[in-house]
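J.: Encoded as structure tokens, here's the structure I'll be asking about.
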Amino acid sequence: MRGTWRIARIMGIDIMIDPSWLIIASLTVYSLGFFDFPRQLNPRALRPTADAISIVLGIVGTLLLFGSVLAHELAHSVMALRRGIGVNRITLFIFGGVAQINSEPDTPATEFLIAIMGPLLSLALAAIFGAMWIWLTLLEPMRLIDFPYRPFILIASLLARINLALALFNLAPGFPLDGGRVLRALLWNWWRDLRRATLWACRGGQIIALILGGVGAFLILREGNLGGIWYGLIAFFLWNAARDSYQQMLFREAVKNIPISKIMTRDFSQVSADASLQHFVDGYLLPNREQTFVVEQDGAAVGIIAHADLQRAPRGQWGAYRVKDVMTPLANAPKIAFDQTATAALAQFARAETEEIAVVQGAQIVGFIGRGEFWRFIRLARR
Ligand SMILES: [Zn+2]
């Protein structure tokens, strides 16, 4: 994805950082290191000021906080991988994290398990840090060993609260939050109707957005608390995400019902594998509108050749090369079976830099789907 940085790769999943994450990360370091921690480290001081310790703690606290978000997303991802769904990447951005999985869960059980794992992990982390916090708080007055209790107590308490908040917020029953996915899985299982389940789970998301927006407005107007702006932003983000999620599901359902035969073109020319490259350029590529050609040998398709394949031969030596020297063999060419639906083509175009997919029936090429025509067709079908 453009504009994001890859910071790590865990279990084959790219961990990405969106530039907007830097805004929230620096705000967090600032508010922890310059306000919260100085106050908590010097509870008796009238105007506590930041020092090296509070700033270092602010940085450590921020990193662990985002480590918690990452752990939450990894929990979703591990379950997705176990249920046979690939995970492209995890992106940290201004509102937290998101794990991008390759395809939507195909059963309510899979959706439920993937969705519930994140909040469960956050709850477990909250319990662990909460226990640490209580334990250190009890040990501190005894002074059994010389140990910097205060900083560890502050970090443990911060992480316990953050992970608890992460779990509870994500469990709110509004799509696309985890709780909304759990709700959709339950409704889907009950009604056996994905469209209806998604509609209601997304309405749940919009209701949660309205509540958050209301809380934000209350904080700003009645309390004069500018933290309400943050609630407003999350509400706006959630409202749009819920609406888009429902549209996307309708789109996926529509695509699922389009047979490949309806979007492929059956006009294509064949060129002999033994023809010279110069002959191919002059006789096929230049006079024709199409860009991809089937290469045949003894009446059978053995590969495809397109404009881009010409790069495999030095310019000016096209007479010395034959078509089969530079073609893409059928085994390596992007292809799709004639009886599949547009969903399969969508997945291929989304994944690879493919411009054209060959449609095959048995060992024969029966047509092509070009990226441009494919999207034109999909846009029309959407209306
Ligand atoms: Zn989650």
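Letters for chains follow the order of the structure tokens (A, B, ...), residue numbers begin at 1 for each chain, and ligand numbers begin at 1 in the order shown.
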Per residue of chain A within 6 Å of ligand 1, note the shortest atom pair and the distance in Å to one decimal, counting only C-alpha atoms and all ligand atoms, and order the rows by chain and increasing residue number, as CSV.
T.:
```
residue,atom,partner,partner_atom_place_in_ligand_line,distance
A:Glu73,CA,ligand 1,1 (Zn),5.9
A:Gly118,CA,ligand 1,1 (Zn),4.6
A:Asn170,CA,ligand 1,1 (Zn),6.0
A:Asp178,CA,ligand 1,1 (Zn),5.1
```
J.: Let me see the file: selected residues, N, CA and C atoms, as a PDB file, in the first residue's frame.
T.:
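Output contents, as saved in again_9.pdb:
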```pdb
ATOM      1  N   GLU A  73      -4.583  -7.238  17.079  1.00  0.00           N
ATOM      2  CA  GLU A  73      -4.761  -7.533  15.652  1.00  0.00           C
ATOM      3  C   GLU A  73      -4.127  -8.875  15.288  1.00  0.00           C
ATOM      4  N   GLY A 118      -9.650 -11.046  19.190  1.00  0.00           N
ATOM      5  CA  GLY A 118      -9.001  -9.777  19.548  1.00  0.00           C
ATOM      6  C   GLY A 118      -9.401  -9.305  20.935  1.00  0.00           C
ATOM      7  N   ASN A 170     -14.145  -2.428  21.527  1.00  0.00           N
ATOM      8  CA  ASN A 170     -14.277  -3.280  20.341  1.00  0.00           C
ATOM      9  C   ASN A 170     -15.443  -4.244  20.442  1.00  0.00           C
ATOM     10  N   ASP A 178     -15.399  -5.342  16.329  1.00  0.00           N
ATOM     11  CA  ASP A 178     -15.410  -6.782  16.583  1.00  0.00           C
ATOM     12  C   ASP A 178     -16.760  -7.246  17.111  1.00  0.00           C
TER      13      ASP A 178
END
```
J.: Just want the 6 Å neighbourhood of segment 129-139 of chain A, counted on only C-alpha atoms, with same-chain residues fewer than 2 positions away dropped. Output as a compact mmCIF listing (two decimals) with C-alpha atoms, in the first residue's frame.
T.:
```txt
# COMPACT_ATOMS: atom_id res chain seq x y z
CA ALA A 126 -5.78 -6.38 30.98
CA ALA A 127 -5.96 -9.17 33.58
CA PRO A 141 5.15 -0.09 51.03
CA MET A 142 7.06 -3.14 52.30
CA ILE A 153 3.21 0.53 38.78
CA ALA A 156 1.17 -1.68 34.57
CA SER A 157 -1.84 0.44 35.50
CA ALA A 160 -4.35 -2.67 32.30
```
J.: Quick one: of A:Leu177, A:Ile263, A:Met11, A:Ile304, who's nearest to Trp239 of chain A, counting only C-alpha atoms?
T.: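 Closest to Trp239 of chain A, using only C-alpha atoms: A:Leu177.
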J.: What does the distance from atom CA of Ser276 of chain A to atom CA of Ala358 of chain A come to in Å, to one decimal?
T.: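 Here the two named atoms are 22.8 Å from each other.
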J.: Sort by chain and increasing residue number a table of all residues of segment 113-212 of chain A within 9 Å of segment 88-107 of chain A, each with its closest pair of atoms and their distance in Å to one decimal, counting only C-alpha atoms, and write it as JSON lines.
T.:
```
{"residue": "A:Ile114", "atom": "CA", "partner": "A:Pro105", "partner_atom": "CA", "distance": 8.6}
{"residue": "A:Ala185", "atom": "CA", "partner": "A:Thr107", "partner_atom": "CA", "distance": 8.0}
{"residue": "A:Trp188", "atom": "CA", "partner": "A:Thr107", "partner_atom": "CA", "distance": 8.6}
{"residue": "A:Asn189", "atom": "CA", "partner": "A:Thr107", "partner_atom": "CA", "distance": 8.3}
```
J.: Under the rule that only C-alpha atoms are counted, which of A:Leu171, A:Ile155, A:Asp193, A:Lys324 is the nearest residue to Val56 of chain A?
T.: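 For Val56 of chain A, the nearest of the candidates is A:Ile155.
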J.: Looking only at alpha helix (DSSP H) from DSSP on the backbone, list the matching residues of segment 73-302 of chain A as JSON, numbers by chain.
T.: {"A": [73, 74, 75, 76, 77, 78, 79, 80, 81, 82, 108, 109, 110, 111, 112, 113, 114, 115, 116, 117, 118, 119, 120, 121, 122, 123, 124, 125, 126, 127, 128, 129, 130, 131, 132, 133, 134, 135, 136, 137, 138, 139, 149, 150, 151, 152, 153, 154, 155, 156, 157, 158, 159, 160, 161, 162, 163, 164, 165, 166, 167, 168, 169, 170, 178, 179, 180, 181, 182, 183, 184, 185, 186, 187, 188, 189, 190, 191, 194, 195, 196, 197, 198, 199, 200, 201, 202, 203, 204, 205, 206, 207, 208, 209, 210, 211, 212, 213, 214, 215, 216, 217, 218, 219, 220, 221, 228, 229, 230, 231, 232, 233, 234, 235, 236, 237, 238, 239, 240, 241, 242, 243, 244, 245, 246, 247, 248, 249, 250, 251, 252, 253, 254, 255, 256, 260, 261, 262, 263, 277, 278, 279, 280]}
J.: Name the closest residue to Ile208 of chain A among the candidates A:Pro334, A:Gly174, A:Gly232, A:Gly299; distances are taken between atoms, counting only C-alpha atoms.
T.: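 The closest residue to Ile208 of chain A is A:Gly174.
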J.: List the spatial neighbours of segment 372-375 of chain A as a list in words - criterion: any atom at most 10 Å away, only C-alpha atoms, same-chain residues fewer than 3 positions off excluded.
T.: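 Non-adjacent residues within range: Ile263, Met264, Thr265, Ala342, Ala345, Leu346, Phe349, Glu355, Glu356, Ile369, Ile378, Arg379, Leu380 and Ala381 of chain A.
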J.: Could you write out that same residue set with N, CA, C and O atoms as a PDB file, in the first residue's frame?
T.:
```
ATOM      1  N   ILE A 263     -18.403 -11.686 -18.752  1.00  0.00           N
ATOM      2  CA  ILE A 263     -17.498 -10.529 -18.797  1.00  0.00           C
ATOM      3  C   ILE A 263     -16.289 -10.766 -19.679  1.00  0.00           C
ATOM      4  O   ILE A 263     -15.533  -9.844 -19.939  1.00  0.00           O
ATOM      5  N   MET A 264     -16.109 -12.001 -20.176  1.00  0.00           N
ATOM      6  CA  MET A 264     -14.897 -12.231 -20.966  1.00  0.00           C
ATOM      7  C   MET A 264     -15.128 -11.847 -22.426  1.00  0.00           C
ATOM      8  O   MET A 264     -16.256 -11.770 -22.893  1.00  0.00           O
ATOM      9  N   THR A 265     -14.023 -11.561 -23.104  1.00  0.00           N
ATOM     10  CA  THR A 265     -14.140 -11.322 -24.537  1.00  0.00           C
ATOM     11  C   THR A 265     -13.698 -12.599 -25.249  1.00  0.00           C
ATOM     12  O   THR A 265     -12.747 -13.262 -24.834  1.00  0.00           O
ATOM     13  N   ALA A 342     -17.268 -13.947 -11.284  1.00  0.00           N
ATOM     14  CA  ALA A 342     -16.443 -12.742 -11.287  1.00  0.00           C
ATOM     15  C   ALA A 342     -15.673 -12.568  -9.974  1.00  0.00           C
ATOM     16  O   ALA A 342     -14.676 -11.858  -9.934  1.00  0.00           O
ATOM     17  N   ALA A 345     -12.157 -13.570 -10.508  1.00  0.00           N
ATOM     18  CA  ALA A 345     -11.404 -12.576 -11.285  1.00  0.00           C
ATOM     19  C   ALA A 345     -11.054 -11.375 -10.409  1.00  0.00           C
ATOM     20  O   ALA A 345      -9.938 -10.854 -10.457  1.00  0.00           O
ATOM     21  N   LEU A 346     -12.013 -10.974  -9.579  1.00  0.00           N
ATOM     22  CA  LEU A 346     -11.800  -9.852  -8.666  1.00  0.00           C
ATOM     23  C   LEU A 346     -10.592 -10.125  -7.773  1.00  0.00           C
ATOM     24  O   LEU A 346      -9.726  -9.273  -7.573  1.00  0.00           O
ATOM     25  N   PHE A 349      -7.333  -9.849  -9.852  1.00  0.00           N
ATOM     26  CA  PHE A 349      -6.971  -8.472 -10.192  1.00  0.00           C
ATOM     27  C   PHE A 349      -6.544  -7.708  -8.941  1.00  0.00           C
ATOM     28  O   PHE A 349      -5.735  -6.797  -9.005  1.00  0.00           O
ATOM     29  N   GLU A 355      -2.752  -7.689 -15.951  1.00  0.00           N
ATOM     30  CA  GLU A 355      -3.552  -6.830 -16.814  1.00  0.00           C
ATOM     31  C   GLU A 355      -4.612  -7.645 -17.543  1.00  0.00           C
ATOM     32  O   GLU A 355      -5.652  -7.138 -17.909  1.00  0.00           O
ATOM     33  N   GLU A 356      -4.316  -8.908 -17.772  1.00  0.00           N
ATOM     34  CA  GLU A 356      -5.226  -9.730 -18.558  1.00  0.00           C
ATOM     35  C   GLU A 356      -5.213 -11.159 -18.008  1.00  0.00           C
ATOM     36  O   GLU A 356      -4.158 -11.696 -17.706  1.00  0.00           O
ATOM     37  N   ILE A 369     -10.079 -11.804 -20.007  1.00  0.00           N
ATOM     38  CA  ILE A 369     -10.689 -10.703 -19.267  1.00  0.00           C
ATOM     39  C   ILE A 369      -9.592  -9.681 -19.027  1.00  0.00           C
ATOM     40  O   ILE A 369      -8.562  -9.994 -18.425  1.00  0.00           O
ATOM     41  N   ILE A 378     -17.923  -4.112 -13.910  1.00  0.00           N
ATOM     42  CA  ILE A 378     -18.313  -4.165 -12.499  1.00  0.00           C
ATOM     43  C   ILE A 378     -19.005  -2.862 -12.086  1.00  0.00           C
ATOM     44  O   ILE A 378     -20.002  -2.861 -11.371  1.00  0.00           O
ATOM     45  N   ARG A 379     -18.477  -1.738 -12.583  1.00  0.00           N
ATOM     46  CA  ARG A 379     -19.084  -0.449 -12.244  1.00  0.00           C
ATOM     47  C   ARG A 379     -20.512  -0.354 -12.785  1.00  0.00           C
ATOM     48  O   ARG A 379     -21.414   0.135 -12.122  1.00  0.00           O
ATOM     49  N   LEU A 380     -20.698  -0.859 -13.996  1.00  0.00           N
ATOM     50  CA  LEU A 380     -22.041  -0.851 -14.580  1.00  0.00           C
ATOM     51  C   LEU A 380     -22.981  -1.753 -13.795  1.00  0.00           C
ATOM     52  O   LEU A 380     -24.121  -1.410 -13.516  1.00  0.00           O
ATOM     53  N   ALA A 381     -22.453  -2.930 -13.415  1.00  0.00           N
ATOM     54  CA  ALA A 381     -23.283  -3.896 -12.701  1.00  0.00           C
ATOM     55  C   ALA A 381     -23.703  -3.356 -11.343  1.00  0.00           C
ATOM     56  O   ALA A 381     -24.734  -3.706 -10.799  1.00  0.00           O
TER      57      ALA A 381
END
```
J.: So that I can see what lies close to Val302 of chain A, please list as a list in words the residues with an atom at most 9 Å from it, counting only C-alpha atoms and leaving out residues fewer than 4 positions away in the same chain.
T.: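 Returned residues: Ala273, Val294, Val295, Glu296, Gln297, Lys324, Thr328, Pro329, Leu330 and Ala331 of chain A.
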J.: What's the 12 Å shell around Asp244 of chain A, counting only C-alpha atoms, without same-chain residues fewer than 3 positions away, as a list in words?
T.: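 After dropping sequence-adjacent residues, the list is Phe175, Pro176, Thr198, Leu199, Cys202, Arg203, Gly205, Gln206, Phe237, Leu238, Trp239, Asn240, Ala241, Gln247, Gln248, Met249, Leu250 and Phe251 of chain A.
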J.: Separation of atom CA of Ile258 of chain A and atom CA of Gln348 of chain A, in Å?
T.: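 So the two atoms, atom CA of Ile258 of chain A and atom CA of Gln348 of chain A, lie 15.4 Å apart.
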J.: Could you tell me which of A:Gln40, A:Gln270, A:Thr28, A:Thr4 comes closest to Leu65 of chain A if we count only C-alpha atoms?
T.: A:Thr28
J.: Give me the residues near Leu166 of chain A as a ChimeraX atom specification, where near means some atom within 9 Å (using only C-alpha atoms) and where sequence neighbours in that chain fewer than 2 positions away do not count.
T.: /A:68-69,72,119,122-123,161-164,168-171
J.: Can you measure atom CA of Ile53 of chain A to atom CA of Leu158 of chain A for me? One decimal in Å is fine.
T.: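 Distance reported for this atom pair: 15.9 Å.
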J.: Based on the backbone DSSP call, show me all residues of segment 191-274 of chain A assigned strand (DSSP E or B), as a PyMOL selection string.
T.: chain A and resi 259+265+270-272
J.: Just checking: using only C-alpha atoms, which residue out of A:Met79, A:Phe147, A:Leu285, A:Ile260 ends up closest to Leu121 of chain A?
T.: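 Smallest separation from Leu121 of chain A among the options: A:Met79.
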